[in-house]
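Novice: My questions all concern the structure below.
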Amino acid sequence: MPRKLLLQDDGKTQQIKEINLQSDPQKLKAMLGDLSWKILSILSKKEMYPLEIARQLGMHEQKVYYHIRKLEKAGAITIAHEENKKGATAKYYKTASQAFGIEFEGGYKPTRSLCLPIVSQQLQEFFKEFTHNGVFDGKIVVGSPQAHGPFKTSARDGHYAAHLALFLGQFAKMPTEFAVKLDVDVKVEKEEKNNLILVGGPGTNLLTQEINEHLPIKFVMQSSSQGFLLGGLSSKKTGQTYTSDLSGLVAKIVNPWDNSKRIIVLAGNKAVGTKACVLALTNFWQKTIGKYKCEDTFAVVITGYDLDGDGKVDSIEVLE
């Protein structure tokens with residue numbers, strides 16, 4: 001039987017299970033008899049062998065065997081496993097699916113997606129802490145557009161969070177609370193103890209600045225008579241320093257304010273580098289997190305490229 005997905009949506013969470021669709025009336029007839037349906041209902045809850053089913057229904061086992069053979073031939077049940085009982089082999093059966101349905105040919109219409117698409121296991125693992133019952137669980141933090149912080153900068157990369165949010169919408173429903181915060185508004189203990197996605201480097205995002213010391217690949221921040229200066233990204237592992245405006249960091253670490261939470265950092269040396277980081281985790285996530293193994297600390301340095309020559313970043317490469 002062809003298999004599809006059956007969606008249940010109560011307005012808060014979405015759940016799916018496989019459904020076997022039937023179009024053969026003879027096979028359908030074998031499933032819909034009173035006794036056949038009772039056997040299917042029993043086997044949908046627990047794997048059993050025919051003698052057990054007969055005892056539960058209070059009838060002769062030969063009658064149950066007859067319907068078992070019909071259901072197996074119709075593809076409605078299948079052998080789960082076999083056991084030796086008193087010198088004989090007992091076949092345990094289960095339903096081939098947790099749902100059965102009838103489908104007529106055609107009738108599909110273009111529509112907006114009603115359910116969450118099937119997302120790769122790698123992406124699910126990377127964002128595991130950021131979803132709860134299918135709903136986004138965290139805050140996206142962007143830099144304030146007003147001059148702020150020791151660099152007295154105005155963030156010009158906050159709008160990149162919109163592209164990220166569209167991407168997250170593939171596998172997480174919108175939370176009831178507003179999910180985007182300015183860095184100047186996340187100076188409260190309650191907010192810091194969330195799962196956080198930080199968009200923007202330490203020059204424009206105060207939260208990125210605060211957790212810089214916890215990052216495996218750090219931004220070089222030097223004080224001078226003119227204030228703080230940024231000197232690119234420095235990797236202790238390779239000894240490399242990345243100073244290009246197009247370079248940036250994609251990282252995931254334990255939240256230092258609450259070790260049950262996680263922080264994802266998308267931060268460039270400049271705004272264009274942050275854009276490259278957002279593209280790296282959305283359009284090019286296979287390259288970017290392909291080596292992620294559910295570790296507590298993960299980081300890659302990426303750089304952006306303008307392949308079509310229109311002056312805008314449209315591709316990335318992982319440097320380390």
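Residues in the structure tokens are named by chain (A, B, ... in the order shown) and by number from 1 within that chain; ligands are numbered from 1 in the order shown.
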Using only C-alpha atoms, which residues sit within 10 Å of region 253-264 of chain A once same-chain residues fewer than 2 positions away are excluded, as an MDAnalysis selection string?
Specialist: chainID A and resid 126:130 138:140 189:199 208 211 214:216 249:251 266:267 295:299
Novice: Please, which residues of region 148-219 of chain A, numbered as in this document, come out alpha helix (DSSP H) from DSSP, as a PyMOL selection string?
Specialist: chain A and resi 160-168+189-192+206-211
Novice: From the list A:Leu307, A:Ile53, A:Leu35, A:Ala161, which residue is nearest Val265 (chain A) when using only C-alpha atoms?
Specialist: A:Ala161
Novice: Which polymer residues have any atom within 9 Å of an atom of Leu43 (chain A), counting only C-alpha atoms, with same-chain residues fewer than 5 positions away left out, as a PyMOL selection string?
Specialist: chain A and resi 38+48+53+77+93-95
Novice: Measuring between only C-alpha atoms, which one of A:Ala54, A:Ile68, A:Leu246, A:Ala172 shows the shortest distance to Leu123 (chain A)?
Specialist: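 The closest residue to Leu123 (chain A) is A:Ala172.
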Novice: Find the residues around Pro25 (chain A) up to 12 Å (only C-alpha atoms counted), leave out those fewer than 2 positions away in its own chain, and share them as JSON, numbers by chain.
Specialist: {"A": [21, 22, 23, 27, 28, 29, 30, 31, 32, 74, 101, 102, 103, 104]}
Novice: I need the residue nearest Ser44 (chain A) from this list: A:Gln98, A:His60, A:Tyr65, A:Thr78. Use only C-alpha atoms for the distance.
Specialist: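 Of the candidates, the smallest distance to Ser44 (chain A) is held by A:Gln98.
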Novice: DSSP says strand (DSSP E or B) for which residues of region 81-286 of chain A? Put them as a PyMOL selection string?
Specialist: chain A and resi 81-85+88-95+100-102+131-132+135-136+139-142+148+153+173+180-182+196-199+217-224+227-235+241-242+247-254+262-268
